[in-house]
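**Q** Take this structure first; my questions come after.
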Amino acid sequence: MRFSVRAFKNFTSIFLIFFSCLINAQTLFINEFMASNSTTIADPDFNNYADWIEIYNSSAASINLKNYYITDNLSQPQKFKIQNDLIVGAGGYVLIWADDANTGNHANFKLSADGESIGLFDPAVQLIDTLTYSLQQTDISFGRFPNGANDWFKFSPATPASANLESGIFNILPAPAISQQSGFYQTTISVSASHSLTDVTIHFTNDGSIPTSSSNVYSIPLQIDSTSVLRFRAFKDDFTPSITETRTYFINETTDLPVFSLVTDPANFFSDTSGIYVIGTNGIIGNCSTGPRNWNQDWERPVSLEFFEFDKSLAFRVNTGAKIFGGCSRLYPEKSLGFYFRGEYGNDKLRYRLFDDIPVYEYNNFILRSSGQDWWRTMFRDGMVQTLIEQGMKLDYQDYRPSILFINGDYWGIHNIREKFNEHYVFYHHGVNKDNLDIVEIAKGVSGNNGDLVAYNEMITFLSTKNMAYSPNYEYIKSIVDMDEYIDYQIAQIYAANGDWPGSNMKLWRERVQGSKWRWMIYDLDFTFGGNAQGLATTNTLAQATATNGPDWPNPPWSTLMLRKLLDNPDFKNEFIQRFAAHVSTTFEPNHVLAVIDSLAGNIASEIPRHKERWPQSISFGNSWQELV
């Protein structure tokens with residue numbers, strides 16, 4: 001579940017009781033309810049303005065609520081049993097109508113506006129979630145913010161079956177006005193806060209946490225003489241506290257790179273019980289770890305994120321969710337972060353052009369990548385190879401920009417801005433809706449990231465059972481595969497000598513329409529260009545990509561099947577050879593490659609000493625960064 005850093009003074013009597021499982025494992029929540037519905041929403045079955053209870057599923061998988069129980073009397077946990085299929089999608093919502101109808105998702109009780117309890121129980125009658133509430137107001141709901149968090153607010157308008165929005169919190173104070181904008185300053189600055197209403201108390205913090213009524217009280221201007229983060233919030237009796245105003249002040253900081261400032265409650269990243277950046281005490285085994293690690297959990301934490309461009313102007317400030325990103329690289333001290341934009345944070349998308357060379361102006365998510373396995377070497381290897389591909393090949397690649405990150409005012413080193421390969425990438429680059437899309441991932445096995453594997457399995461079955469030297473069979477494969485992209489993809493991996501391929505790090509996608517073709521995505525090229533012992537210039541990766549008896553990693557026989565079979569066809573083989581020769585003379589022409597390496601190295605050269613000081617283990621697989629470049 002997500003842990004909120006928002007704290008507030010409750011104006012209604014409410015307490016939450018969590019049983020049965022650790023709070024970190026909980027995925028189903030009573031997320032919002034309305035005990036007096038007059039005009040807000042009518043149920044679709046009986047067209048009545050009935051009481052309702054919203055169930056939220058925070059997990060990445062759908063959950064069927066059939067045989068679950070919900071009650072308004074905790075001494076009768078089996079009061080209403082859901083007897084029909086009721087699917088709560090991943091990250092989705094369903095409504096239980098408390099209208100005494102006793103059918104489908106209509107419970108056999110009504111909610112009391114004067115106050116009572118609500119409980120949700122699993123089929124084994126184990127308590128999942130419960131709350132006790134007091135007097136409710138008509139057409140004003142009561143719900144968690146953010147979704148699944150511990151903090152409860154009144155909402156007007158209510159948000160049945162959708163994300164609870166900060167903008168809908170009832171009777172909320174306006175935010176305080178802050179005298180200084182986030183930015184870069186050369187000398188000590190004075191920061192003041194004020195409010196448009198009387199009898200308002202402004203509280204502030206300087207550690208990244210959300211201010212509460214017990215935080216420091218603002219009374220006189222604050223003198224800032226070193227890089228700091230400040231968060232301000234207004235409080236007044238009988239009002240819901242304001243949203244939090246976040247500011248980052250960089251004092252005498254110099255860098256040639258754009259800068260991100262991430263501000264969050266320190267517990268979100270570093271708490272043993274709930275921190276996503278630490279070994280912790282609530283972890284799981286995975287991603288090459290030998291023991292349980294918090295950073296392996298699929299936990300998302302709320303953060304404020306500010307971005308300053310090359311000229312250090314503030315480009316955007318957004319509220320978003322952050323997760324640890326990547327596989328085995330989670331073991332390294334500096335970790336990659338994925339950012340996810342959702343309505344409950346206040347920003348459902350990032351509306352900003354992160355990369356000047358592509359016409360994408362909004363993002364559902366993006367990555368700040370720690371350079372993966374290349375963290376030990378150059379900090380830009382994957383970006384370099386993808387830049388070469390961008391300039392000379394027809395492939396879906398991930399755009400690249402280097403930046404630096406500060407977390408709660410502390411320098412966190414070089415992080416590469418990258419696009420995320422998923423259904424949103426395909427939509428923004430190709431206009432294909434996620435509901436009409438198959439994305440297949442090869443990662444020591446085959447899985448469907450979006451859609452299903454039906455069409456992919458049909459293609460592999462055809463390849464494995466048919467003679468590709470027979471022209472009609474090859475023509476059929478050409479009708480369902482973008483052959484130019486496929487050949488370019490193979491050439492890029494083979495020439496760059498990817499030591500972690502082809503049994504891993506491959507994605508392909510197709511639109512679910514007649515005449516569509518499979519297309520390839522290239523990513524995670526940290527083991528190319530000498531990135532490990534299997535990715536050297538002397539490594540015969542053409543033989544590796546066509547081996548019939550490779551090991552489970554990196555090239556098991558199932559992962560080389562397609563290329564092997566296609567090379568049986570003389571037309572494909574000729575095209576493959578000719579295209580390979582052309583790319584060796586253009587895309588991978590030595591002087592061109594050296595120029596790209598020198599250019600990208602020059603972009604981050606001035607930042608390397610400070611990054612190395614922050615992360616001594618980084619850039620350590622050689623005598624110097626220059627040698628590794």
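Here, A, B, ... name the chains of the structure tokens in the order displayed, residue numbers run from 1 inside each chain, and ligands are numbered from 1 in the same displayed order.
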Taking the DSSP assignment computed from this structure's backbone, write out as a PyMOL selection string all residues of region 246-466 of chain A that belong to strand (DSSP E or B).

**A** chain A and resi 246-251+259-263+284+293+301-308+314-325+336-340+342+347+350+363+365-369+396+400-407+410-418+437-442+446-450

**Q** Could you give me, as JSON lines, every region 111-211 of chain A residue with an atom at most 12 Å from region 256-274 of chain A, plus its closest atom pair and distance in Å to one decimal, counting only C-alpha atoms, rows ordered by chain then number?

**A**
```
{"residue": "A:Ser182", "atom": "CA", "partner": "A:Ser261", "partner_atom": "CA", "distance": 9.8}
{"residue": "A:Gly183", "atom": "CA", "partner": "A:Ser261", "partner_atom": "CA", "distance": 10.2}
{"residue": "A:Phe184", "atom": "CA", "partner": "A:Val259", "partner_atom": "CA", "distance": 10.4}
{"residue": "A:Thr205", "atom": "CA", "partner": "A:Asp265", "partner_atom": "CA", "distance": 10.1}
{"residue": "A:Asn206", "atom": "CA", "partner": "A:Val263", "partner_atom": "CA", "distance": 10.0}
{"residue": "A:Asp207", "atom": "CA", "partner": "A:Pro266", "partner_atom": "CA", "distance": 7.3}
{"residue": "A:Gly208", "atom": "CA", "partner": "A:Thr264", "partner_atom": "CA", "distance": 4.8}
{"residue": "A:Ser209", "atom": "CA", "partner": "A:Asp265", "partner_atom": "CA", "distance": 3.9}
{"residue": "A:Ile210", "atom": "CA", "partner": "A:Asp265", "partner_atom": "CA", "distance": 6.7}
{"residue": "A:Pro211", "atom": "CA", "partner": "A:Asp265", "partner_atom": "CA", "distance": 9.9}
```

**Q** A:Thr227, A:Gln391, A:Gln617, A:Thr255: which is nearest Gly409 (chain A), counting only C-alpha atoms?

**A**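 Ranking A:Thr227, A:Gln391, A:Gln617, A:Thr255 by distance to Gly409 (chain A), first place goes to A:Thr227.
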
**Q** Residues within 12 Å of Trp412 (chain A), please, as a PyMOL selection string. Count only C-alpha atoms; anything in the same chain fewer than 5 positions from it doesn't count.

**A** chain A and resi 259-262+333-337+368+370+403-407+607+610-615

**Q** Can you pull out the residues contacting Trp295 (chain A)? Cut-off 8 Å, using only C-alpha atoms, and skip same-chain residues under 3 positions away; I want them as a ChimeraX atom specification.

**A** /A:275-279,283,298,324,330

**Q** Kindly export the residues of the current selection with N, CA, C and O atoms, as a tab-separated table (two decimals), in the first residue's frame.

**A**
```tsv
chain	number	residue	atom	x	y	z
A	275	GLY	N	10.40	2.09	4.17
A	275	GLY	CA	11.24	2.80	3.22
A	275	GLY	C	11.54	1.96	2.00
A	275	GLY	O	11.91	0.79	2.10
A	276	ILE	N	11.44	2.57	0.82
A	276	ILE	CA	11.65	1.83	-0.43
A	276	ILE	C	13.11	1.78	-0.85
A	276	ILE	O	13.46	1.03	-1.76
A	277	TYR	N	14.00	2.53	-0.19
A	277	TYR	CA	15.38	2.66	-0.64
A	277	TYR	C	16.35	1.83	0.21
A	277	TYR	O	17.55	1.89	0.01
A	278	VAL	N	15.83	1.06	1.17
A	278	VAL	CA	16.70	0.42	2.17
A	278	VAL	C	16.42	-1.09	2.23
A	278	VAL	O	15.41	-1.58	1.73
A	279	ILE	N	17.37	-1.81	2.88
A	279	ILE	CA	17.16	-3.24	3.13
A	279	ILE	C	15.90	-3.43	3.95
A	279	ILE	O	15.02	-4.21	3.61
A	283	GLY	N	10.99	-6.61	3.70
A	283	GLY	CA	11.30	-6.86	2.31
A	283	GLY	C	10.93	-8.24	1.82
A	283	GLY	O	10.40	-9.08	2.55
A	298	ASP	N	6.95	-3.81	-4.45
A	298	ASP	CA	6.35	-2.92	-5.45
A	298	ASP	C	5.62	-1.79	-4.74
A	298	ASP	O	4.42	-1.57	-4.90
A	324	ILE	N	11.05	2.23	-6.70
A	324	ILE	CA	12.36	1.76	-7.13
A	324	ILE	C	12.18	1.05	-8.46
A	324	ILE	O	11.24	0.26	-8.64
A	330	ARG	N	19.08	-2.89	-8.33
A	330	ARG	CA	18.56	-2.44	-7.04
A	330	ARG	C	19.55	-2.71	-5.92
A	330	ARG	O	19.46	-2.09	-4.85
```

**Q** Check the DSSP output for the backbone and give back, as a list in words, the residues of region 590-620 of chain A in alpha helix (DSSP H).

**A**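 DSSP-assigned alpha helix (DSSP H) residues in region 590-620 of chain A: Pro590, Asn591, His592, Val593, Leu594, Ala595, Val596, Ile597, Asp598, Ser599, Leu600, Ala601, Gly602, Asn603, Ile604, Ile608, Pro609, Arg610, His611, Lys612, Glu613 and Arg614 of chain A.
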